[in-house]
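Chemist: I'd like to ask you about the structure that follows.
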Amino acid sequence: MYPWLTESLSQVLPLIARRQLGHALLIKGSAGLGKLRLSQHLAQALLCERNRDREHDLCQHTKIEHNAVSKVSAELPCGHCHACRLVLAGTHSDLHLINSDTRSIGVDSIRQLSQTLSESPRLGRAKVAIINDAEKMTEAAANALLKTLEEPAGQATLMLVSAYPERLLPTIRSRCQQWLVPLPKPEVVLTWLADQELAANSQQSWLGALNVNQGSPLATLAYLQAGQDQGRHALLSQFSLLHDQPQTLTAVHSALLAEKVHVIWLQLLLQDALQLALGLTPAALRLIDNLDVSRRVSQVGAVRLERALTGLLQLQQAGQTSLGRPVNAGMQLSLWLNDWLAA
């Protein structure tokens, strides 16, 4: 289990032990937090053969206090019973996962899931279903699921996992008990990254990579493992030297047009440069590992930086830097870069 999920687990597991968890749970939060793994751990707790009996005995016979119940609940699931072993092996007959790699989750998948949940459990007393990337459901699929949410079957628990819960029907969201998985504190992620056998890198570089990936630990790890950080440093350094080396304009233009994330790198650089131009301390910078580059860019002044940043944000909001519209995106980006060079 990822260390930043401990707090979420400590909040939800006691509810399972006291049977206060709703029949439908929406686990939401930014992409790359491990929400699916969290839902699978919760499913294991719901299906564990020992946890309910253990908590029932503790509450009924020893009458321990609420806080003590919560502490014991944090140990769930047991991890040793037959049900736990089946969940860990991915073969539990009462745990069902829809984890679509396609662009959408169709109505047939949801109808089949609803039928399965309406049947009696094959093992134990409960059934659990997880719909990962629930926002991918088509309108027909979402409406089919809504019927299941309105008339839950027995001991069935449904967990929806989504990084974009606003794309779900309001009627679905309103029928779910919602749990937000927050972004972890940077120090927690940095400690975790130190254990991931990455190539030698400074904590400042990791922090910059974390900010580039909007605080997502798993996205940051994938980013670092793919060697993308070197590309960030190269592109931003090249951009900062455009006024002295205008012949590199074509290369910068092509790099920014190739991937949306490259524009995000540039946005963060301009924000840091603006803060420096306004006299703020480097400690507040998002890309602290690009400090020298940020200082070089800040020399154009706060007014010019604010104008450039506003123009870049407008490009992003209009979707004009997407790969889906290369001609328009290329033209608009060229205009923005020429305006930058004219400063």
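The way I read the labels, and the way they are meant: chains A, B, ... in the order of the structure tokens, residue 1 as the first residue of every chain, and ligand 1 as the first ligand shown, with later ones counted on from there.
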Fewer than 4 positions away in the same chain doesn't count, so skip those; otherwise give me all residues within 8 Å of His41 (chain A), counting only C-alpha atoms, as number ranges by chain.

Modeler: A: 37, 45, 77

Chemist: Write a file of the selected residues as a compact mmCIF listing (two decimals), in the first residue's frame, keeping N, CA and C atoms.

Modeler:
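The result, stored in out23.txt:
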# COMPACT_ATOMS: atom_id res chain seq x y z
N ARG A 37 -5.78 0.85 -6.29
CA ARG A 37 -5.19 -0.01 -5.26
C ARG A 37 -5.90 0.19 -3.92
N ALA A 45 -10.98 -5.83 2.60
CA ALA A 45 -11.51 -5.68 3.96
C ALA A 45 -12.98 -6.08 4.02
N PRO A 77 -7.65 -5.51 6.16
CA PRO A 77 -8.08 -6.90 6.33
C PRO A 77 -6.97 -7.75 6.95

Chemist: Can you pull out every residue within 8 Å of Ala219 (chain A), counting only C-alpha atoms, but drop anything in the same chain fewer than 6 positions away, and send it as number ranges by chain?

Modeler: A: 31-32, 213

Chemist: Could you pull out the strand (DSSP E or B) residues of region 146-216 of chain A from DSSP and send them as a PyMOL selection string?

Modeler: chain A and resi 156-162+177-180

Chemist: So, with only C-alpha atoms as the atoms that count, which of A:Leu86, A:Leu242, A:Val161, A:Cys78 lies closest to Ile98 (chain A)?

Modeler: A:Val161

Chemist: So which one's closest to Gly79 (chain A), A:Cys48, A:Ala226, A:Leu278, A:Val300? Using only C-alpha atoms, please.

Modeler: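 When distances to Gly79 (chain A) are compared using only C-alpha atoms, the smallest one comes from A:Cys48.
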
Chemist: Quick one: everything within 9 Å of Thr248 (chain A), counting only C-alpha atoms, minus sequence neighbours fewer than 4 positions away in the same chain. Send it as a VMD selection string.

Modeler: chain A and resid 238 to 239 241 to 242 252 to 253

Chemist: Hey, which of A:Ile264, A:Leu33, A:Leu335, A:Ala126 ends up closest to Leu5 (chain A)? Count only C-alpha atoms.

Modeler: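 Smallest separation from Leu5 (chain A) among the options: A:Leu33.
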